[in-house]
file final_18.cif (mmCIF, C-alpha atoms)
data_model
loop_
_atom_site.label_atom_id
_atom_site.label_comp_id
_atom_site.auth_asym_id
_atom_site.auth_seq_id
_atom_site.Cartn_x
_atom_site.Cartn_y
_atom_site.Cartn_z
CA MET J 790 163.04 -49.12 79.57
CA GLY J 791 163.58 -52.75 80.46
CA ILE J 792 166.66 -54.53 81.78
CA VAL J 793 169.52 -54.09 79.30
CA SER J 794 170.39 -57.36 77.59
CA PRO J 795 174.18 -57.76 77.72
CA GLY J 796 175.61 -57.67 74.20
CA PHE J 797 172.31 -56.96 72.44
CA GLN J 798 172.43 -54.25 69.77
CA GLY J 799 169.42 -55.04 67.59
CA ARG J 800 168.97 -54.05 63.99
CA PRO J 801 170.36 -50.71 62.81
CA ARG J 802 167.86 -48.03 63.84
CA SER J 803 168.70 -45.08 61.60
CA GLN J 804 166.61 -46.16 58.61
CA GLU J 805 163.82 -47.77 60.62
CA PRO J 806 160.49 -46.08 60.05
CA ALA J 807 158.40 -45.31 63.10
CA LEU J 808 156.75 -48.47 64.35
CA PRO J 809 154.43 -49.00 67.33
CA PRO J 810 156.25 -50.17 70.47
CA GLY J 811 157.36 -53.81 70.43
CA GLN J 812 156.84 -54.22 66.68
CA TYR J 813 159.35 -55.16 63.99
CA LEU J 814 159.17 -54.70 60.25
CA THR J 815 158.53 -57.62 57.91
CA GLU J 816 158.43 -57.75 54.13
CA ASP J 817 156.54 -61.06 54.26
CA PHE J 818 152.87 -61.44 54.98
CA PRO J 819 152.69 -63.93 57.87
CA VAL J 820 149.45 -65.77 58.61
CA LEU J 821 147.85 -66.12 62.02
CA SER J 822 144.66 -68.15 62.35
CA ALA J 823 143.28 -70.52 64.94
CA GLY J 824 142.01 -73.29 62.68
CA PRO J 825 141.62 -74.51 59.12
CA THR J 826 141.02 -71.94 56.41
CA PRO J 827 137.32 -71.83 55.40
CA ARG J 828 136.65 -71.94 51.64
CA VAL J 829 133.73 -69.69 50.71
CA SER J 830 132.08 -69.66 47.29
CA LEU J 831 131.32 -66.25 45.81
CA ASP J 832 127.90 -67.58 44.65
CA THR J 833 126.72 -67.96 48.23
CA TRP J 834 128.87 -65.29 49.90
CA GLU J 835 127.01 -62.56 51.70
CA PHE J 836 127.74 -59.74 54.08
CA VAL J 837 125.11 -58.85 56.69
CA ILE J 838 124.88 -55.96 59.11
CA THR J 839 122.47 -56.80 61.93
CA ALA J 840 121.26 -53.80 63.90
CA GLU J 841 120.52 -54.06 67.62
CA ASN J 842 116.78 -54.20 66.85
CA GLY J 843 117.27 -57.24 64.60
CA ASN J 844 116.99 -55.40 61.28
CA GLU J 845 119.30 -56.94 58.69
CA PHE J 846 121.10 -55.28 55.79
CA ARG J 847 122.47 -57.79 53.26
CA TRP J 848 124.83 -57.62 50.30
CA SER J 849 125.63 -60.38 47.85
CA TRP J 850 129.10 -60.44 46.24
CA GLN J 851 127.72 -58.68 43.13
CA GLU J 852 126.01 -56.06 45.27
CA LEU J 853 129.20 -55.41 47.23
CA MET J 854 131.15 -54.98 44.00
CA ALA J 855 128.55 -52.50 42.70
CA LEU J 856 129.18 -50.18 45.67
CA PRO J 857 131.78 -47.38 45.51
CA GLN J 858 135.24 -48.94 45.90
CA GLU J 859 138.21 -47.44 47.72
CA THR J 860 141.94 -48.20 47.55
CA PRO J 861 143.44 -47.66 51.00
CA THR J 862 147.21 -47.93 51.46
CA VAL J 863 147.80 -48.62 55.12
CA ASP J 864 150.26 -50.01 57.69
CA ILE J 865 149.22 -53.18 59.49
CA HIS J 866 150.36 -54.36 62.91
CA CYS J 867 149.98 -57.92 64.20
CA VAL J 868 149.94 -58.70 67.92
CA THR J 869 152.64 -61.34 67.26
CA HIS J 870 154.99 -58.34 66.81
CA TRP J 871 155.30 -57.97 63.05
CA SER J 872 154.29 -54.86 61.16
CA LYS J 873 153.98 -54.45 57.43
CA LEU J 874 154.01 -50.97 55.94
CA GLY J 875 152.29 -49.53 52.91
CA THR J 876 149.93 -52.39 52.08
CA THR J 877 147.39 -51.62 49.37
CA TRP J 878 143.87 -52.99 49.38
CA HIS J 879 140.60 -52.58 47.47
CA GLY J 880 137.31 -52.66 49.23
CA VAL J 881 134.17 -50.93 50.42
CA SER J 882 134.31 -48.46 53.28
CA LEU J 883 132.23 -49.33 56.34
CA ASP J 884 130.96 -45.74 56.10
CA THR J 885 129.27 -46.76 52.85
CA LEU J 886 127.87 -49.97 54.34
CA LEU J 887 126.67 -48.31 57.56
CA ASP J 888 125.07 -45.42 55.67
CA GLY J 889 121.35 -45.97 55.99
CA VAL J 890 121.65 -48.35 58.95
CA ASP J 891 119.66 -46.73 61.73
CA THR J 892 121.38 -47.58 65.00
CA GLY J 893 122.08 -46.27 68.47
CA ALA J 894 124.58 -49.06 69.21
CA HIS J 895 128.08 -48.29 70.46
CA PHE J 896 129.70 -51.67 69.84
CA ALA J 897 130.17 -54.06 66.95
CA LEU J 898 130.89 -57.79 66.86
CA ALA J 899 132.32 -58.89 63.52
CA HIS J 900 131.68 -62.54 62.68
CA SER J 901 133.20 -64.75 60.04
CA TYR J 902 132.72 -67.86 57.97
CA GLY J 903 134.31 -70.54 60.14
CA GLY J 904 132.96 -69.04 63.37
CA TYR J 905 135.61 -66.41 64.24
CA THR J 906 134.42 -63.27 66.03
CA THR J 907 136.04 -60.02 67.18
CA ASN J 908 134.64 -56.98 68.96
CA LEU J 909 135.28 -53.28 68.38
CA PRO J 910 133.62 -49.98 69.19
CA LEU J 911 131.28 -49.01 66.35
CA ASP J 912 132.99 -45.61 66.09
CA ASP J 913 136.19 -47.36 65.02
CA LEU J 914 134.39 -48.70 61.95
CA ARG J 915 133.48 -45.15 60.92
CA GLY J 916 135.36 -42.12 59.70
CA GLY J 917 137.22 -43.71 56.77
CA ARG J 918 139.12 -46.10 59.03
CA ALA J 919 137.54 -49.48 58.18
CA TRP J 920 136.75 -51.45 55.03
CA VAL J 921 135.46 -54.77 53.78
CA ALA J 922 138.51 -55.60 51.64
CA HIS J 923 138.53 -58.15 48.84
CA THR J 924 141.75 -57.35 46.97
CA PHE J 925 145.33 -57.23 48.22
CA ASP J 926 148.18 -55.85 46.14
CA GLY J 927 145.99 -55.85 43.04
CA ALA J 928 144.96 -59.52 43.25
CA PRO J 929 141.97 -61.29 44.81
CA LEU J 930 142.62 -61.77 48.52
CA PRO J 931 143.95 -65.36 49.05
CA ALA J 932 141.86 -67.56 51.35
CA GLU J 933 144.64 -67.90 53.94
CA HIS J 934 144.71 -64.13 54.27
CA GLY J 935 140.94 -63.95 54.71
CA GLY J 936 139.48 -64.06 51.19
CA PRO J 937 137.01 -63.72 49.64
CA ALA J 938 136.77 -60.66 51.92
CA ARG J 939 138.08 -59.58 55.29
CA LEU J 940 137.52 -56.66 57.55
CA LEU J 941 140.36 -54.13 57.37
CA VAL J 942 140.74 -51.94 60.46
CA PRO J 943 144.42 -51.08 60.29
CA HIS J 944 144.54 -48.67 63.24
CA LEU J 945 143.94 -51.64 65.59
CA TYR J 946 145.97 -54.86 65.94
CA PHE J 947 145.33 -57.04 62.95
CA TRP J 948 143.26 -59.73 64.71
CA LYS J 949 140.48 -57.09 64.74
CA SER J 950 140.54 -57.21 60.91
CA ALA J 951 138.41 -60.37 60.85
CA LYS J 952 139.28 -62.76 58.02
CA TRP J 953 136.47 -64.39 55.98
CA VAL J 954 134.12 -61.74 57.34
CA ARG J 955 130.45 -62.56 57.01
CA GLY J 956 128.81 -59.78 58.93
CA ILE J 957 128.70 -57.32 61.79
CA ARG J 958 126.28 -57.38 64.68
CA LEU J 959 125.64 -53.99 66.26
CA LYS J 960 125.41 -54.14 70.04
CA THR J 961 124.46 -51.86 72.90
CA MET J 962 126.85 -53.81 75.18
CA ASP J 963 130.43 -54.82 74.36
CA GLU J 964 130.76 -58.57 73.84
CA PRO J 965 134.27 -60.06 73.67
CA GLY J 966 135.11 -62.04 70.55
CA PHE J 967 137.30 -65.11 70.00
CA TRP J 968 140.78 -63.86 70.94
CA GLU J 969 139.39 -61.33 73.39
CA THR J 970 137.79 -64.20 75.34
CA ALA J 971 141.18 -65.96 75.27
CA GLY J 972 142.90 -63.04 77.02
CA TYR J 973 143.59 -60.51 74.28
CA HIS J 974 142.68 -56.86 74.66
CA ASP J 975 139.15 -55.63 73.97
CA TYR J 976 140.37 -52.57 72.02
CA GLY J 977 143.89 -53.38 70.75
CA ASP J 978 145.54 -50.05 69.93
CA PRO J 979 149.08 -50.91 68.72
CA TRP J 980 150.43 -47.45 69.59
CA ARG J 981 149.39 -47.98 73.23
CA GLU J 982 150.55 -51.61 73.02
CA GLN J 983 147.19 -52.98 74.13
CA ARG J 984 147.99 -56.62 73.42
CA TYR J 985 146.43 -58.43 76.36
CA GLN J 986 143.61 -57.83 78.81
CA GLY J 987 144.71 -55.29 81.38
CA ASP J 988 147.36 -53.61 79.17
CA MET K 1014 148.38 -73.22 89.46
CA ALA K 1015 147.60 -73.53 85.79
CA THR K 1016 146.05 -70.65 83.94
CA GLY K 1017 144.76 -70.55 80.39
CA THR K 1018 141.40 -69.18 81.32
CA PRO K 1019 141.00 -65.58 80.18
CA ALA K 1020 143.42 -63.40 82.06
CA ARG K 1021 141.59 -60.27 83.08
CA THR K 1022 144.46 -59.07 85.23
CA PRO K 1023 147.49 -57.64 83.45
CA ILE K 1024 150.23 -60.07 82.51
CA ARG K 1025 153.38 -58.29 83.55
CA TRP K 1026 156.89 -58.36 82.17
CA GLN K 1027 159.23 -60.04 84.60
CA VAL K 1028 162.93 -60.67 84.57
CA GLY K 1029 163.98 -64.23 83.88
CA ARG K 1030 167.54 -65.55 83.85
CA LEU K 1031 169.15 -68.16 81.67
CA VAL K 1032 170.17 -71.07 83.87
CA GLU K 1033 170.89 -73.75 81.27
CA ARG K 1034 170.98 -74.30 77.54
CA ARG K 1035 170.75 -77.54 75.58
CA VAL K 1036 171.74 -77.98 71.95
CA GLU K 1037 168.89 -79.79 70.19
CA THR K 1038 170.00 -79.62 66.54
CA PRO K 1039 172.62 -77.59 64.64
CA THR K 1040 170.05 -74.74 64.45
CA ALA K 1041 167.86 -75.15 67.55
CA GLN K 1042 168.56 -74.82 71.25
CA THR K 1043 166.48 -75.14 74.38
CA LEU K 1044 166.87 -72.32 76.88
CA VAL K 1045 165.95 -72.96 80.50
CA LEU K 1046 164.86 -69.71 82.13
CA GLU K 1047 164.40 -69.16 85.81
CA VAL K 1048 161.32 -66.96 86.27
CA PRO K 1049 160.73 -66.39 90.01
CA ASP K 1050 157.11 -65.21 89.80
CA TRP K 1051 155.93 -67.67 87.16
CA SER K 1052 152.20 -68.38 87.65
CA GLY K 1053 152.05 -71.69 85.76
CA HIS K 1054 150.88 -72.48 82.26
CA LEU K 1055 149.08 -75.02 80.10
CA PRO K 1056 150.73 -77.08 77.37
CA GLY K 1057 150.62 -75.16 74.08
CA GLN K 1058 150.92 -71.68 75.57
CA HIS K 1059 153.74 -69.29 74.67
CA VAL K 1060 155.76 -66.45 76.12
CA ASP K 1061 157.02 -63.18 74.75
CA LEU K 1062 160.74 -62.61 75.28
CA ARG K 1063 162.03 -59.03 75.13
CA LEU K 1064 165.56 -57.77 74.63
CA THR K 1065 166.72 -54.23 75.34
CA ALA K 1066 169.77 -52.54 73.81
CA PRO K 1067 171.84 -49.97 75.75
CA ASP K 1068 170.04 -47.09 73.95
CA GLY K 1069 166.64 -48.39 75.03
CA TYR K 1070 165.72 -50.03 71.72
CA GLN K 1071 163.67 -53.17 72.32
CA ALA K 1072 162.80 -56.24 70.32
CA ALA K 1073 160.25 -58.86 71.37
CA ARG K 1074 159.31 -62.24 69.89
CA SER K 1075 156.93 -65.04 70.85
CA TYR K 1076 158.25 -68.51 71.71
CA SER K 1077 156.31 -71.64 72.57
CA ILE K 1078 156.92 -73.12 76.00
CA ALA K 1079 158.39 -76.59 75.54
CA GLY K 1080 157.27 -78.39 78.69
CA PRO K 1081 155.86 -78.26 82.20
CA VAL K 1082 157.27 -75.84 84.73
CA VAL K 1083 160.26 -77.24 86.63
CA ASP K 1084 161.05 -76.40 90.26
CA GLY K 1085 164.63 -75.20 90.57
CA PRO K 1086 166.63 -74.10 93.61
CA GLY K 1087 166.05 -70.43 92.69
CA GLY K 1088 162.37 -70.79 91.79
CA PRO K 1089 160.25 -72.01 88.88
CA ARG K 1090 161.91 -72.67 85.54
CA ILE K 1091 160.39 -72.72 82.08
CA GLU K 1092 161.90 -74.00 78.86
CA VAL K 1093 161.63 -72.54 75.38
CA THR K 1094 163.18 -74.01 72.26
CA VAL K 1095 164.51 -71.43 69.83
CA GLN K 1096 165.06 -72.12 66.14
CA ARG K 1097 167.70 -69.90 64.55
CA VAL K 1098 166.16 -67.63 61.93
CA HIS K 1099 168.64 -66.67 59.22
CA ASP K 1100 169.23 -62.90 59.48
CA GLY K 1101 167.00 -62.84 62.54
CA GLU K 1102 167.31 -60.13 65.16
CA VAL K 1103 166.38 -62.04 68.31
CA SER K 1104 166.99 -65.77 67.74
CA PRO K 1105 170.75 -65.41 66.93
CA TYR K 1106 171.18 -63.39 70.12
CA LEU K 1107 169.37 -65.99 72.21
CA ILE K 1108 171.44 -68.80 70.67
CA ASP K 1109 174.90 -67.18 70.34
CA VAL K 1110 175.13 -64.35 72.86
CA LEU K 1111 172.84 -64.77 75.88
CA GLY K 1112 175.00 -66.21 78.65
CA GLU K 1113 174.20 -68.21 81.76
CA GLY K 1114 172.89 -65.86 84.42
CA ASP K 1115 172.02 -63.16 81.90
CA PRO K 1116 168.60 -61.53 82.24
CA VAL K 1117 165.88 -61.66 79.63
CA GLU K 1118 162.43 -60.16 80.06
CA VAL K 1119 159.57 -62.66 79.96
CA ARG K 1120 155.84 -62.14 79.62
CA GLY K 1121 153.35 -64.93 79.87
CA PRO K 1122 151.80 -67.39 79.76
CA LEU K 1123 150.03 -66.20 76.61
CA GLY K 1124 147.47 -67.78 74.30
CA GLY K 1125 144.29 -69.46 75.50
CA TRP K 1126 143.29 -71.44 72.39
CA PHE K 1127 146.11 -73.67 71.19
CA ILE K 1128 146.21 -75.60 74.46
CA TRP K 1129 145.64 -79.17 75.56
CA ARG K 1130 144.09 -79.73 78.96
CA PRO K 1131 145.28 -82.96 80.60
CA GLU K 1132 141.75 -83.68 81.85
CA GLU K 1133 140.57 -84.06 78.22
CA THR K 1134 139.73 -87.64 77.28
CA ALA K 1135 139.54 -87.49 73.46
CA PRO K 1136 142.42 -89.08 71.54
CA VAL K 1137 144.95 -86.51 70.37
CA GLN K 1138 146.76 -86.19 67.08
CA LEU K 1139 149.66 -83.80 66.77
CA VAL K 1140 151.09 -82.73 63.43
CA ALA K 1141 154.37 -80.82 63.53
CA GLY K 1142 156.36 -79.14 60.78
CA GLY K 1143 159.95 -78.29 61.76
CA SER K 1144 160.17 -76.26 64.96
CA GLY K 1145 156.35 -76.49 65.16
CA ILE K 1146 157.14 -79.50 67.36
CA VAL K 1147 157.78 -77.26 70.39
CA PRO K 1148 154.23 -76.63 71.71
CA LEU K 1149 153.27 -80.20 70.74
CA MET K 1150 156.21 -81.57 72.75
CA ALA K 1151 154.86 -79.56 75.69
CA MET K 1152 151.63 -81.57 75.33
CA ILE K 1153 153.51 -84.89 75.09
CA ARG K 1154 155.53 -84.05 78.20
CA ALA K 1155 152.44 -82.87 80.09
CA ARG K 1156 150.62 -86.08 79.19
CA ARG K 1157 153.30 -88.11 80.94
CA ALA K 1158 153.74 -85.66 83.81
CA THR K 1159 150.03 -85.74 84.67
CA GLY K 1160 149.64 -89.49 84.19
CA SER K 1161 147.12 -89.04 81.39
CA ARG K 1162 146.34 -92.28 79.52
CA VAL K 1163 144.87 -90.47 76.49
CA PRO K 1164 146.31 -92.02 73.32
CA PHE K 1165 148.56 -89.60 71.41
CA ARG K 1166 149.80 -89.78 67.84
CA LEU K 1167 152.47 -87.44 66.54
CA ILE K 1168 153.30 -86.94 62.88
CA TYR K 1169 156.53 -84.94 62.65
CA SER K 1170 157.73 -83.53 59.34
CA VAL K 1171 161.41 -82.56 59.13
CA ARG K 1172 163.85 -81.82 56.33
CA THR K 1173 166.49 -84.35 57.35
CA PRO K 1174 167.14 -86.67 60.33
CA THR K 1175 169.54 -84.12 61.88
CA ASP K 1176 166.71 -81.58 62.04
CA VAL K 1177 164.68 -83.68 64.50
CA ILE K 1178 164.37 -81.68 67.73
CA TYR K 1179 164.07 -83.84 70.90
CA ALA K 1180 165.08 -86.93 68.85
CA ASP K 1181 166.43 -89.02 71.74
CA GLU K 1182 163.64 -88.07 74.09
CA LEU K 1183 160.97 -88.93 71.52
CA ARG K 1184 162.58 -92.36 70.99
CA ARG K 1185 162.61 -92.94 74.73
CA ARG K 1186 159.04 -91.77 75.21
CA VAL K 1187 157.71 -94.02 72.46
CA ARG K 1188 159.24 -96.90 74.43
CA ASP K 1189 158.22 -95.73 77.93
CA ASP K 1190 155.13 -93.49 77.65
CA PHE K 1191 152.50 -96.08 76.86
CA GLY K 1192 150.06 -94.94 74.18
CA LEU K 1193 152.34 -92.53 72.31
CA ASP K 1194 153.05 -93.21 68.62
CA VAL K 1195 155.44 -91.13 66.53
CA ALA K 1196 155.74 -91.17 62.73
CA TYR K 1197 158.23 -89.10 60.76
CA VAL K 1198 157.96 -87.51 57.33
CA TYR K 1199 161.27 -86.49 55.73
CA THR K 1200 161.08 -83.82 53.06
CA ARG K 1201 164.72 -83.67 51.82
CA GLU K 1202 166.72 -86.60 53.12
CA ALA K 1203 165.54 -89.75 54.89
CA PRO K 1204 167.64 -91.86 57.23
CA GLU K 1205 169.54 -94.95 56.09
CA GLY K 1206 167.19 -97.85 55.47
CA TRP K 1207 164.05 -95.68 55.40
CA ARG K 1208 161.27 -97.09 53.26
CA GLY K 1209 160.06 -94.65 50.65
CA ASP K 1210 161.41 -91.40 49.26
CA PRO K 1211 161.60 -88.01 50.91
CA HIS K 1212 158.33 -86.16 50.27
CA ARG K 1213 156.15 -83.39 51.58
CA ILE K 1214 153.38 -84.47 53.94
CA GLY K 1215 150.27 -85.74 52.13
CA LEU K 1216 146.97 -87.51 52.57
CA ALA K 1217 148.58 -90.95 52.92
CA ASP K 1218 150.75 -89.79 55.84
CA VAL K 1219 147.88 -88.20 57.73
CA ASN K 1220 145.53 -91.09 56.95
CA THR K 1221 148.03 -93.79 57.95
CA HIS K 1222 149.48 -92.22 61.07
CA GLY K 1223 146.66 -90.04 62.39
CA TRP K 1224 143.30 -90.90 63.96
CA PRO K 1225 140.22 -91.43 61.81
CA PRO K 1226 137.45 -88.81 62.25
CA ASP K 1227 135.01 -91.30 63.82
CA LEU K 1228 137.24 -91.46 66.92
CA GLN K 1229 136.57 -87.72 67.29
CA PRO K 1230 140.16 -86.77 68.07
CA LEU K 1231 141.45 -83.38 69.05
CA THR K 1232 144.01 -82.25 66.49
CA TYR K 1233 146.82 -79.75 66.92
CA VAL K 1234 148.81 -78.63 63.88
CA CYS K 1235 151.85 -76.35 64.22
CA GLY K 1236 154.44 -75.32 61.68
CA PRO K 1237 155.13 -72.90 58.85
CA THR K 1238 152.08 -71.42 57.16
CA ALA K 1239 152.17 -73.52 53.99
CA PHE K 1240 152.57 -76.71 56.01
CA VAL K 1241 149.67 -75.87 58.32
CA GLU K 1242 147.45 -74.88 55.38
CA THR K 1243 148.15 -78.20 53.65
CA VAL K 1244 147.58 -80.35 56.73
CA ALA K 1245 144.48 -78.49 57.93
CA ASP K 1246 142.91 -78.74 54.46
CA LEU K 1247 143.63 -82.49 54.38
CA LEU K 1248 142.09 -83.00 57.82
CA VAL K 1249 138.93 -81.13 56.87
CA ALA K 1250 138.69 -83.07 53.60
CA MET K 1251 139.04 -86.34 55.59
CA GLY K 1252 136.00 -85.33 57.64
CA HIS K 1253 137.49 -83.82 60.79
CA PRO K 1254 135.25 -80.95 61.98
CA SER K 1255 137.06 -77.60 61.70
CA ARG K 1256 136.38 -76.84 65.34
CA GLN K 1257 138.38 -79.92 66.42
CA VAL K 1258 141.43 -78.81 64.44
CA LYS K 1259 143.52 -76.19 66.23
CA THR K 1260 146.35 -74.58 64.35
CA GLU K 1261 149.31 -72.39 65.10
CA ARG K 1262 151.19 -70.98 62.12
CA PHE K 1263 154.37 -69.03 61.91
CA GLY K 1264 156.20 -67.26 59.17
CA PRO K 1265 159.78 -66.09 59.59
CA THR K 1266 159.62 -64.11 62.80
CA GLY K 1267 163.27 -63.32 63.40
#

call {"tool": "encode", "arguments": {"input": "final_18.cif", "output": "structure tokens"}}
result
Amino acid sequence: MGIVSPGFQGRPRSQEPALPPGQYLTEDFPVLSAGPTPRVSLDTWEFVITAENGNEFRWSWQELMALPQETPTVDIHCVTHWSKLGTTWHGVSLDTLLDGVDTGAHFALAHSYGGYTTNLPLDDLRGGRAWVAHTFDGAPLPAEHGGPARLLVPHLYFWKSAKWVRGIRLKTMDEPGFWETAGYHDYGDPWREQRYQGD
Amino acid sequence: MATGTPARTPIRWQVGRLVERRVETPTAQTLVLEVPDWSGHLPGQHVDLRLTAPDGYQAARSYSIAGPVVDGPGGPRIEVTVQRVHDGEVSPYLIDVLGEGDPVEVRGPLGGWFIWRPEETAPVQLVAGGSGIVPLMAMIRARRATGSRVPFRLIYSVRTPTDVIYADELRRRVRDDFGLDVAYVYTREAPEGWRGDPHRIGLADVNTHGWPPDLQPLTYVCGPTAFVETVADLLVAMGHPSRQVKTERFGPTG
């Protein structure tokens, strides 16, 4: 426990659902990005998984839509301290996309239209815990929230859920992405409050 | 010692103390915090402030640092400017309750992207919406403090003249800091004698008061999400490369 702040009570706690440490609940959907929002046409959109041996597995928008779709309802946690509970998405599980990709890699580097990157262990993209999501709350995902499609990995801080995702490179060595290079944590577990390098 | 390069060592919580507060507008105040082990920061970086209730409950929020570190008698001081968020949990406490000498936990500096390095030579354009001025003011203050001669242009969108944070200082700096231009956009109510009607920021404002793309400026945009989206889209449409446009957006964050 930190130093008590004289006169600070905080919001009433009784009805607060369990949140990771240092998080607060929001009903809004704040936006955090480092630059202008890229606009990506569905005609040219593609998603590519690149294995460590250079083999590529590509899906057009139509091909992605033809895959089995899931409807996860999940809690999301942003490193800027807000959490949003019970968000509902539509998308394709990474289990489906990685099925048939022959790899011995342990790490993944997601990359996006606009140049954003973020790294995660490949295992965290498996086991029904990660999706390429294209619909939020029943409507096409707005561009400022990462549309046409973003990665959704809700068990990690939300910067790992790369907006405008274009592909995933599978790696034998971990390679820090955009925010990770700027001092944010390589893994980013909100329940262990892994916000910054060294946490 | 300025940081801003990737911090591979842990950034620890430390105890800061309020040593001074300044009223900036009816809804914004600057808090001067003495932080004895402060390691230095770059303009544009932010801190997390954390409050703890008697039962151990904690609430933390991020605030932009408003200017260079200041040497005080008790050690280094940093300044943050806090905008009151209606129904907020942390900002009303910082503005109404936190007293001089009271402790507040501080973690930082944080953020290694939305920063301006005084050794940069490209012209700079800053576009602020509301309290988005804070990290941009840190850049304006650092420019003067380091003797940089890089030309700066600031476009500052506010609701009304009374919402202008740092109003007197900006007036003074336009006069004294050679190479700094400031243009205002008023969205609700313009001052007496202002030419034109209140309006939301648009292409004409950015085109008239910003730098053209062929000067290859560095651009920093900070404000509420809708404001940043609008301005960043305009800049890209005008031909500024996305990579030269750095943004920081905030929604209501209490």

call {"tool": "resolve_selection", "arguments": {"input": "final_18.cif", "expression": "the PyMOL selection byres ((chain J) within 7 of (chain K))", "output": "list of chain:residue names"}}
result
J:Met790, J:Gly791, J:Ile792, J:Val793, J:Ser794, J:Gly796, J:Phe797, J:Gln798, J:Gly799, J:Arg800, J:Gly811, J:Pro819, J:Val820, J:Leu821, J:Ser822, J:Ala823, J:Gly824, J:Pro825, J:Thr869, J:His870, J:Thr970, J:Ala971, J:Gly972, J:Gln986, J:Gly987, J:Asp988

call {"tool": "atom_distance", "arguments": {"input": "final_18.cif", "atom1": "atom CA of J:His900", "atom2": "atom CA of J:Ser950"}}
result
10.5 Å

call {"tool": "atom_distance", "arguments": {"input": "final_18.cif", "atom1": "atom CA of K:Asp1109", "atom2": "atom CA of K:Pro1122"}}
result
24.9 Å

call {"tool": "closest_residue", "arguments": {"input": "final_18.cif", "among": "J:Thr815, J:Ser872, J:Thr906, J:Gln858", "to": "J:Trp980", "atoms": "all atoms listed in the file"}}
result
J:Ser872

call {"tool": "resolve_selection", "arguments": {"input": "final_18.cif", "expression": "the PyMOL selection byres ((chain J and resi 912) around 12)", "output": "list in words"}}
result
Leu883, Asp884, Leu887, Thr892, Gly893, Ala894, His895, Phe896, Ala897, Asn908, Leu909, Pro910, Leu911, Asp913, Leu914, Arg915, Gly916, Gly917, Arg918, Ala919, Val942, Leu959 and Tyr976 of chain J

call {"tool": "atom_distance", "arguments": {"input": "final_18.cif", "atom1": "atom CA of K:Thr1043", "atom2": "atom CA of K:Val1137"}}
result
24.7 Å

call {"tool": "decode", "arguments": {"input": "final_18.cif", "residues": "stretch 939-964 of chain J", "atoms": "C-alpha atoms", "output": "tab-separated table (two decimals), in the first residue's frame"}}
result
chain	number	residue	atom	x	y	z
J	939	ARG	CA	-7.56	-5.27	-35.17
J	940	LEU	CA	-5.92	-7.90	-33.10
J	941	LEU	CA	-7.88	-8.66	-29.92
J	942	VAL	CA	-5.81	-10.14	-27.09
J	943	PRO	CA	-7.81	-9.03	-24.08
J	944	HIS	CA	-5.78	-10.85	-21.41
J	945	LEU	CA	-2.89	-8.43	-22.08
J	946	TYR	CA	-2.87	-4.61	-21.92
J	947	PHE	CA	-4.74	-3.26	-24.90
J	948	TRP	CA	-1.73	-1.87	-26.80
J	949	LYS	CA	-0.96	-5.54	-27.59
J	950	SER	CA	-4.28	-5.67	-29.48
J	951	ALA	CA	-2.73	-4.03	-32.55
J	952	LYS	CA	-5.12	-1.73	-34.43
J	953	TRP	CA	-5.27	-1.89	-38.26
J	954	VAL	CA	-3.55	-5.25	-38.07
J	955	ARG	CA	-1.99	-6.43	-41.31
J	956	GLY	CA	-0.12	-9.51	-40.26
J	957	ILE	CA	1.92	-11.48	-37.77
J	958	ARG	CA	5.55	-12.45	-38.15
J	959	LEU	CA	6.54	-15.58	-36.25
J	960	LYS	CA	9.95	-15.30	-34.62
J	961	THR	CA	12.41	-17.55	-32.84
J	962	MET	CA	13.68	-14.50	-30.87
J	963	ASP	CA	11.53	-11.89	-29.13
J	964	GLU	CA	11.67	-8.52	-30.91
